[in-house]
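What follows is the content of input29.tsv (TSV, C-alpha atoms).
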```tsv
chain	number	residue	atom	x	y	z
A	1102	MET	CA	151.24	185.08	160.56
A	1103	ILE	CA	148.19	185.66	158.32
A	1104	GLN	CA	144.64	184.52	159.12
A	1105	MET	CA	143.27	182.66	156.07
A	1106	ALA	CA	139.77	181.30	155.52
A	1107	ASN	CA	140.49	177.91	157.07
A	1108	ASN	CA	143.76	178.31	158.94
A	1109	ILE	CA	146.71	180.53	159.85
A	1110	THR	CA	149.58	180.69	157.32
A	1111	GLN	CA	153.23	181.48	158.03
A	1112	VAL	CA	154.72	184.37	155.99
A	1113	GLU	CA	158.10	183.23	154.64
A	1114	GLU	CA	159.31	186.41	152.89
A	1115	ALA	CA	158.18	189.99	152.27
A	1116	GLY	CA	159.16	192.08	149.29
A	1117	THR	CA	158.08	194.62	146.72
A	1118	VAL	CA	156.51	194.16	143.28
A	1119	PHE	CA	156.96	196.74	140.51
A	1120	ILE	CA	154.56	196.62	137.55
A	1121	THR	CA	155.63	198.47	134.43
A	1122	HIS	CA	152.58	199.10	132.25
A	1123	THR	CA	151.17	201.47	129.66
A	1124	VAL	CA	148.47	203.94	130.60
A	1125	LEU	CA	145.95	205.03	127.93
A	1126	PRO	CA	144.26	208.21	129.15
A	1127	GLN	CA	141.16	209.72	127.52
A	1128	ASN	CA	143.25	212.13	125.43
A	1129	GLY	CA	144.72	209.08	123.69
A	1130	LYS	CA	148.39	209.83	124.45
A	1131	ALA	CA	149.88	206.70	126.00
A	1132	TYR	CA	152.69	206.78	128.51
A	1133	GLU	CA	154.52	204.26	130.62
A	1134	LYS	CA	154.02	204.03	134.35
A	1135	THR	CA	155.59	201.94	137.07
A	1136	THR	CA	153.34	200.98	139.92
A	1137	CYS	CA	154.74	199.79	143.23
A	1138	LEU	CA	153.06	197.19	145.40
A	1139	GLN	CA	154.43	196.99	148.91
A	1140	PRO	CA	154.56	194.85	150.92
A	1141	VAL	CA	153.98	191.67	148.92
A	1142	TYR	CA	154.08	188.51	151.05
A	1143	TYR	CA	155.28	185.12	149.97
A	1144	LEU	CA	153.21	182.26	151.36
A	1145	ASN	CA	154.74	178.83	150.90
A	1146	GLY	CA	152.38	176.38	149.18
A	1147	LEU	CA	149.79	179.01	148.23
A	1148	ASN	CA	147.97	178.07	144.99
A	1149	THR	CA	145.23	180.73	145.01
A	1150	HIS	CA	145.73	184.27	143.66
A	1151	LEU	CA	145.00	186.86	146.30
A	1152	LEU	CA	145.40	189.72	143.82
A	1153	SER	CA	143.86	189.87	140.39
A	1154	MET	CA	145.69	192.05	137.88
A	1155	GLY	CA	142.41	192.68	136.09
A	1156	GLU	CA	140.86	194.07	139.23
A	1157	PHE	CA	143.93	196.11	140.01
A	1158	LEU	CA	144.17	197.80	136.59
A	1159	ASN	CA	141.27	199.69	135.15
A	1160	ASP	CA	140.05	199.29	131.59
A	1161	LYS	CA	142.26	202.10	130.34
A	1162	GLN	CA	145.54	200.40	131.36
A	1163	LEU	CA	147.33	197.59	129.53
A	1164	ILE	CA	150.26	195.60	130.88
A	1165	THR	CA	153.05	195.70	128.30
A	1166	GLY	CA	156.18	195.34	130.44
A	1167	MET	CA	157.67	192.80	132.85
A	1168	VAL	CA	156.36	192.07	136.28
A	1169	TYR	CA	159.16	191.31	138.72
A	1170	ALA	CA	159.75	191.25	142.46
A	1171	ALA	CA	162.31	193.53	144.06
A	1172	ASP	CA	162.77	191.00	146.78
A	1173	TYR	CA	165.53	191.66	149.31
A	1174	SER	CA	166.53	188.02	149.53
A	1175	ILE	CA	166.73	187.57	145.75
A	1176	TRP	CA	168.89	190.64	145.15
A	1177	HIS	CA	171.02	189.85	148.15
A	1178	GLN	CA	171.86	186.52	146.52
A	1179	ARG	CA	172.18	187.93	142.98
A	1180	MET	CA	174.77	190.47	144.09
A	1181	GLY	CA	176.87	187.89	145.89
A	1182	HIS	CA	175.58	188.39	149.45
A	1183	PRO	CA	176.61	192.05	149.98
A	1184	SER	CA	175.83	194.20	153.00
A	1185	ASP	CA	172.56	196.08	153.35
A	1186	ASP	CA	174.32	199.39	152.66
A	1187	ILE	CA	175.35	198.14	149.23
A	1188	LEU	CA	171.83	197.05	148.34
A	1189	TRP	CA	170.52	200.42	149.50
A	1190	LYS	CA	172.88	202.25	147.11
A	1191	LEU	CA	172.52	199.75	144.27
A	1192	PRO	CA	169.67	201.54	142.37
A	1193	GLU	CA	171.69	204.76	142.22
A	1194	MET	CA	174.94	203.25	141.03
A	1195	VAL	CA	173.93	200.64	138.43
A	1196	LYS	CA	171.50	200.41	135.53
A	1197	LYS	CA	168.26	198.43	135.39
A	1198	ALA	CA	168.21	197.64	139.05
A	1199	PRO	CA	164.96	197.92	141.03
A	1200	LYS	CA	164.15	201.47	142.02
A	1201	LEU	CA	163.60	200.45	145.59
A	1202	ILE	CA	164.83	197.42	147.48
A	1203	THR	CA	163.20	197.30	150.87
A	1204	ILE	CA	165.61	196.33	153.60
A	1205	PRO	CA	163.60	194.39	156.17
A	1206	THR	CA	163.97	195.62	159.73
A	1207	ALA	CA	163.70	192.13	161.15
A	1208	LYS	CA	165.11	189.43	158.93
A	1209	LYS	CA	166.34	185.96	159.56
A	1210	PRO	CA	170.11	185.37	159.15
A	1211	CYS	CA	171.34	184.37	155.70
A	1212	GLU	CA	172.75	180.88	156.20
A	1213	ALA	CA	175.20	181.28	153.31
A	1214	CYS	CA	176.56	184.51	154.81
A	1215	VAL	CA	176.91	182.92	158.22
A	1216	LYS	CA	178.90	180.04	156.76
A	1217	GLY	CA	180.99	182.03	154.29
A	1218	LYS	CA	181.53	185.43	155.89
A	1219	MET	CA	181.36	185.09	159.66
A	1220	PRO	CA	184.49	186.70	161.19
A	1221	SER	CA	185.96	185.95	164.54
A	1222	ARG	CA	184.83	188.32	167.24
A	1223	SER	CA	187.41	191.05	167.72
A	1224	PHE	CA	189.48	190.79	170.86
A	1225	PRO	CA	189.63	193.86	173.11
A	1226	PRO	CA	193.08	195.23	173.94
A	1227	SER	CA	194.63	193.70	177.01
A	1228	VAL	CA	194.17	195.89	180.06
A	1229	LEU	CA	197.18	194.30	181.77
A	1230	GLN	CA	200.43	195.86	180.59
A	1231	ALA	CA	203.89	195.58	182.04
A	1232	MET	CA	205.18	198.44	184.17
A	1233	LYS	CA	208.82	197.36	184.16
A	1234	PRO	CA	211.21	195.23	182.05
A	1235	PHE	CA	210.69	191.46	182.07
A	1236	GLN	CA	207.45	191.75	184.04
A	1237	ILE	CA	205.56	190.17	181.12
A	1238	VAL	CA	207.11	188.30	178.20
A	1239	HIS	CA	205.35	186.85	175.17
A	1240	SER	CA	206.60	183.89	173.17
A	1241	ASP	CA	205.58	181.95	170.10
A	1242	LEU	CA	206.99	179.01	168.15
A	1243	LYS	CA	206.92	179.07	164.37
A	1244	ASP	CA	207.32	176.08	162.07
A	1245	MET	CA	209.51	177.09	159.12
A	1246	ILE	CA	208.42	174.09	156.97
A	1247	LYS	CA	211.84	173.74	155.33
A	1248	ARG	CA	215.02	173.07	157.31
A	1249	SER	CA	217.82	175.60	157.13
A	1250	PHE	CA	221.35	174.78	156.00
A	1251	ASN	CA	222.21	174.35	159.71
A	1252	SER	CA	219.29	171.91	160.10
A	1253	TYR	CA	217.11	174.33	162.08
A	1254	HIS	CA	213.37	173.73	161.63
A	1255	TYR	CA	211.66	176.03	164.17
A	1256	VAL	CA	211.96	179.59	165.42
A	1257	LEU	CA	211.18	180.61	169.00
A	1258	THR	CA	210.54	184.33	169.46
A	1259	VAL	CA	210.40	186.05	172.85
A	1260	LEU	CA	209.11	189.62	173.27
A	1261	ASP	CA	209.29	191.83	176.35
A	1262	ASP	CA	205.95	193.59	176.89
A	1263	PHE	CA	207.43	196.75	178.43
A	1264	MET	CA	210.47	197.36	176.19
A	1265	SER	CA	209.23	195.69	172.96
A	1266	HIS	CA	212.67	194.11	172.75
A	1267	ALA	CA	212.74	190.76	170.94
A	1268	TRP	CA	214.95	187.69	171.07
A	1269	LEU	CA	215.08	184.82	168.59
A	1270	PHE	CA	216.19	181.22	169.06
A	1271	ASN	CA	216.63	178.71	166.24
A	1272	LEU	CA	215.49	175.21	167.15
A	1273	LYS	CA	216.11	171.83	165.53
A	1274	LYS	CA	213.36	170.10	167.52
A	1275	LYS	CA	210.25	171.32	169.34
A	1276	SER	CA	211.55	169.71	172.50
A	1277	ASP	CA	214.41	172.24	172.49
A	1278	THR	CA	211.91	174.89	173.59
A	1279	ILE	CA	212.41	174.08	177.27
A	1280	ILE	CA	216.20	174.39	176.91
A	1281	HIS	CA	216.01	177.90	175.43
A	1282	ALA	CA	213.36	178.91	177.96
A	1283	TRP	CA	215.78	178.01	180.79
A	1284	GLN	CA	218.52	179.96	179.02
A	1285	PHE	CA	216.30	183.05	178.68
A	1286	VAL	CA	215.38	182.98	182.38
A	1287	ALA	CA	219.08	182.80	183.26
A	1288	TYR	CA	219.89	185.60	180.77
A	1289	ALA	CA	217.34	187.95	182.34
A	1290	LYS	CA	218.68	187.26	185.82
A	1291	ASN	CA	222.41	187.40	185.11
A	1292	GLN	CA	222.57	190.17	182.50
A	1293	HIS	CA	219.76	192.45	183.68
A	1294	ASN	CA	219.22	191.40	187.30
A	1295	ALA	CA	215.55	190.84	186.55
A	1296	SER	CA	213.07	188.07	187.22
A	1297	ILE	CA	210.34	187.23	184.73
A	1298	GLY	CA	206.90	187.80	186.23
A	1299	THR	CA	204.46	186.36	183.67
A	1300	TRP	CA	205.08	184.28	180.58
A	1301	ARG	CA	202.40	184.40	177.90
A	1302	PHE	CA	202.18	181.81	175.14
A	1303	ASP	CA	199.65	180.04	172.96
A	1304	GLY	CA	198.22	176.58	173.59
A	1305	ARG	CA	200.83	174.65	171.63
A	1306	THR	CA	201.90	171.35	173.17
A	1307	GLU	CA	205.56	172.35	173.58
A	1308	PHE	CA	204.48	175.04	176.08
A	1309	LEU	CA	202.15	172.70	177.96
A	1310	ILE	CA	204.51	169.84	178.73
A	1311	ASP	CA	205.20	169.10	182.38
A	1312	ALA	CA	208.87	170.09	182.10
A	1313	PHE	CA	208.00	173.60	180.89
A	1314	LYS	CA	205.35	174.07	183.56
A	1315	THR	CA	207.76	172.83	186.21
A	1316	MET	CA	210.42	175.29	185.03
A	1317	LEU	CA	207.94	178.17	185.38
A	1318	ARG	CA	206.81	177.09	188.84
A	1319	ASP	CA	210.38	176.60	190.08
A	1320	ASN	CA	211.22	180.17	189.06
A	1321	GLY	CA	207.99	181.67	190.41
A	1322	ILE	CA	206.80	182.63	186.91
A	1323	LEU	CA	203.07	182.88	186.24
A	1324	SER	CA	201.81	181.39	182.97
A	1325	GLU	CA	199.02	182.72	180.75
A	1326	THR	CA	197.86	180.53	177.89
A	1327	SER	CA	195.56	181.48	175.00
A	1328	VAL	CA	192.63	179.24	174.18
A	1329	PRO	CA	193.13	176.74	171.30
A	1330	TYR	CA	192.99	178.17	167.76
A	1331	GLN	CA	192.60	181.76	169.00
A	1332	HIS	CA	196.01	183.18	168.21
A	1333	GLN	CA	194.72	186.74	168.66
A	1334	GLN	CA	194.90	186.26	172.42
A	1335	ASN	CA	198.65	185.97	172.00
A	1336	GLY	CA	198.55	189.10	169.88
A	1337	ARG	CA	201.87	190.74	170.83
A	1338	ALA	CA	203.84	187.64	169.85
A	1339	GLU	CA	201.82	187.20	166.66
A	1340	CYS	CA	202.36	190.83	165.66
A	1341	LEU	CA	206.08	190.46	166.27
A	1342	ASN	CA	206.16	187.40	164.03
A	1343	CYS	CA	204.38	189.31	161.25
A	1344	THR	CA	206.88	192.17	161.53
A	1345	ILE	CA	209.90	189.86	161.48
A	1346	ILE	CA	208.47	187.80	158.61
A	1347	ASP	CA	207.92	190.94	156.54
A	1348	LYS	CA	211.45	192.16	157.18
A	1349	ALA	CA	213.08	188.77	156.67
A	1350	GLN	CA	211.16	187.92	153.50
A	1351	SER	CA	211.81	191.34	151.95
A	1352	MET	CA	215.55	191.05	152.56
A	1353	HIS	CA	215.56	187.38	151.55
A	1354	PHE	CA	213.96	188.03	148.16
A	1355	ARG	CA	216.13	191.11	147.58
A	1356	ALA	CA	219.24	188.97	148.16
A	1357	CYS	CA	217.95	186.14	145.89
A	1358	LEU	CA	218.89	183.49	148.43
A	1359	THR	CA	217.71	179.91	148.51
A	1360	ASP	CA	214.92	178.84	150.86
A	1361	THR	CA	217.36	177.09	153.19
A	1362	MET	CA	219.00	180.44	153.95
A	1363	TRP	CA	215.96	181.72	155.91
A	1364	GLU	CA	217.95	181.34	159.12
A	1365	CYS	CA	220.25	184.23	158.14
A	1366	SER	CA	217.47	186.57	157.07
A	1367	TRP	CA	215.52	185.95	160.29
A	1368	ASP	CA	218.57	186.53	162.49
A	1369	HIS	CA	219.34	189.78	160.68
A	1370	ALA	CA	215.69	190.87	160.77
A	1371	ILE	CA	215.56	190.58	164.58
A	1372	HIS	CA	218.91	192.43	164.79
A	1373	VAL	CA	217.54	195.31	162.72
A	1374	TYR	CA	214.15	195.31	164.49
A	1375	ASN	CA	215.73	195.95	167.88
A	1376	ARG	CA	217.52	198.98	166.40
A	1377	THR	CA	214.43	200.44	164.72
A	1378	PRO	CA	212.42	203.29	166.35
A	1379	ILE	CA	208.96	202.12	167.43
A	1380	ARG	CA	205.87	204.28	167.79
A	1381	ARG	CA	204.73	202.39	170.90
A	1382	LEU	CA	207.95	203.51	172.64
A	1383	LYS	CA	207.47	207.12	171.44
A	1384	TRP	CA	210.01	206.44	168.68
A	1385	GLN	CA	212.61	205.02	170.98
A	1386	THR	CA	214.37	201.82	169.91
A	1387	PRO	CA	213.99	198.55	171.85
A	1388	PHE	CA	217.79	198.47	172.08
A	1389	GLU	CA	217.81	201.78	173.99
A	1390	ALA	CA	214.88	200.70	176.16
A	1391	LEU	CA	216.88	197.65	177.26
A	1392	ARG	CA	220.40	199.10	177.52
A	1393	ASN	CA	219.70	202.81	178.18
A	1394	LYS	CA	221.88	203.93	175.29
A	1395	LYS	CA	221.25	204.67	171.63
A	1396	PRO	CA	222.28	201.95	169.20
A	1397	ASP	CA	225.12	202.41	166.72
A	1398	VAL	CA	223.99	201.37	163.24
A	1399	SER	CA	227.19	202.19	161.36
A	1400	HIS	CA	227.96	198.47	161.09
A	1401	LEU	CA	224.77	197.74	159.11
A	1402	HIS	CA	224.98	197.03	155.39
A	1403	ILE	CA	222.42	195.98	152.81
A	1404	PHE	CA	221.54	192.37	153.46
A	1405	GLY	CA	222.67	190.25	150.49
A	1406	CYS	CA	225.03	192.83	149.03
A	1407	GLY	CA	228.35	191.80	147.53
A	1408	ALA	CA	231.58	192.37	149.39
A	1409	TYR	CA	235.28	191.74	148.89
A	1410	VAL	CA	236.32	189.73	151.94
A	1411	PHE	CA	239.96	189.57	153.02
A	1412	LEU	CA	241.32	186.04	153.23
A	1413	PRO	CA	243.92	185.40	155.95
A	1414	GLU	CA	247.12	183.77	154.77
A	1415	ASP	CA	246.24	180.54	156.61
A	1416	VAL	CA	243.16	179.89	154.44
A	1417	ARG	CA	244.73	180.71	151.05
A	1418	ALA	CA	245.65	177.83	148.79
A	1419	ASN	CA	249.17	179.18	148.21
A	1420	LYS	CA	251.15	182.38	148.11
A	1421	LEU	CA	249.88	183.16	144.59
A	1422	SER	CA	246.17	182.91	145.59
A	1423	PRO	CA	244.05	186.09	145.73
A	1424	LYS	CA	244.01	187.93	149.04
A	1425	SER	CA	240.25	188.53	148.81
A	1426	GLU	CA	237.15	186.94	147.30
A	1427	THR	CA	233.66	188.17	146.48
A	1428	MET	CA	231.07	187.02	149.01
A	1429	VAL	CA	227.49	187.85	150.05
A	1430	TYR	CA	226.88	189.84	153.24
A	1431	LEU	CA	224.47	188.01	155.61
A	1432	GLY	CA	224.55	190.26	158.67
A	1433	GLN	CA	226.31	190.25	161.99
A	1434	PRO	CA	226.01	187.06	164.08
A	1435	ALA	CA	225.36	187.47	167.80
A	1436	GLY	CA	228.40	187.01	169.99
A	1437	TYR	CA	230.96	187.67	167.25
A	1438	LYS	CA	232.99	190.78	166.54
A	1439	GLY	CA	232.69	190.44	162.81
A	1440	PHE	CA	230.32	189.80	159.92
A	1441	CYS	CA	228.75	186.75	158.35
A	1442	PHE	CA	229.36	186.13	154.63
A	1443	TYR	CA	228.17	183.57	152.16
A	1444	HIS	CA	230.88	182.07	149.95
A	1445	ILE	CA	229.42	181.96	146.46
A	1446	THR	CA	231.91	179.51	144.96
A	1447	ASN	CA	231.75	176.88	147.67
A	1448	GLY	CA	228.08	177.52	148.60
```

Write-out of the structure in structure tokens:
Amino acid sequence: MIQMANNITQVEEAGTVFITHTVLPQNGKAYEKTTCLQPVYYLNGLNTHLLSMGEFLNDKQLITGMVYAADYSIWHQRMGHPSDDILWKLPEMVKKAPKLITIPTAKKPCEACVKGKMPSRSFPPSVLQAMKPFQIVHSDLKDMIKRSFNSYHYVLTVLDDFMSHAWLFNLKKKSDTIIHAWQFVAYAKNQHNASIGTWRFDGRTEFLIDAFKTMLRDNGILSETSVPYQHQQNGRAECLNCTIIDKAQSMHFRACLTDTMWECSWDHAIHVYNRTPIRRLKWQTPFEALRNKKPDVSHLHIFGCGAYVFLPEDVRANKLSPKSETMVYLGQPAGYKGFCFYHITNG
């Protein structure tokens, strides 16, 4: 606030004015000089000059250059709303920028920056971590947009917090989530003699239906739900999805498969992930963390590679038909002692 003759005026902005002018000393040799005025206040609606250039410059000085304001707000907008550190270094790194741009110590927020650049507040790491297998599991449901050749449209991923072991379920409808959740609870109990302690998931409706909540209560499982639109709170499941997507997409594009074949690349990606050393486990594999033995990877081949597949006599057209055909390797399906191939001719 500034006390004027008749009232008090609000100061809107403060900046710096540089005046480039020519100085004519008594020896007659002219030279250029830049004079800095700081601070210079901007008063909205002011129509009276508070500073006279004639009074400021003596008779031996003539203004021959440009008078401009090195205003923080103006240069902040000119440079596309950068940080203060960038504006501070700007005079050193570019030409014809103001020699000094004063960074105000107390400035009002830039509305454009707030609207265009505001990030979400970072979430601190969870202090609650599992101390044994199946104590905490994370799950997430992903919409695959396009249906697979087996008419699957969703993918449900489940991750154990302690072992980092992952499971994947292909779903045709969202309502199938409760079915696979029951199956996973039974799998943990029958195969590993373990009970799930806490189930973490995001706020999607398929996890909030009464049937899912009833299933958790009946099995004594605690539920932890992230707030709407804050997927970071379900970070372990989201990170798993990013890892599986990266693996699946890389193999999918390398194999030049159609979009409807995503089901195969995702299944193989989760198979490979569980047999990959992980830093969080001190370079142990999730497979070993779950089964207490190192995984055998001799069965793995390059996803999408060509292979000559033997054809049993029962599937040959006649006795003169070839005994093998060229097919595309698509991984090893769970529950089968064999491989999955894609028949190029028949599709």

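Those residues that approach Lys1134 (chain A) to within 7 Å, counting all atoms listed in the file, are A:Thr1121, A:His1122, A:Thr1123, A:Val1124; same-chain residues fewer than 6 positions away are not listed.
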
From the set A:Asp1277, A:Asp1244, A:Asp1303, A:Glu1364, which residue has the shortest atom-to-atom contact distance to Gly1432 (chain A), counting all atoms listed in the file?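 Using all atoms listed in the file, Gly1432 (chain A) sits closest to A:Glu1364.
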
Distance query Leu1257 (chain A) at most 9 Å, all atoms listed in the file, self and fewer than 4 positions along chain excluded, as a list in words: Ser1240, Asp1241, Leu1242, Lys1243, Trp1268, Leu1269, Phe1270, Asn1271, Leu1272, Thr1278 and His1281 of chain A

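Remark: for His1353 (chain A), the closest of the candidate residues A:Ile1202, A:Ile1297, A:Met1264, A:Ile1403 is A:Ile1403 (distances computed over all atoms listed in the file).
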
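With CA of Glu1212 (chain A) on one side and CA of Glu1193 (chain A) on the other, the separation reads 27.7 Å.
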
Could you tell me how far CA of Lys1218 (chain A) lies from CA of Asp1172 (chain A), in Å and to one decimal? 21.6 Å

Of the residues A:Thr1203, A:Thr1359, A:Asn1342, A:Asn1320, which is the one nearest to Thr1299 (chain A), using all atoms listed in the file?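 Among A:Thr1203, A:Thr1359, A:Asn1342, A:Asn1320, it is A:Asn1320 that comes nearest to Thr1299 (chain A).
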
Find the distance between CA of Met1352 (chain A) and CA of Asp1368 (chain A) and write it in Å to one decimal. 11.3 Å
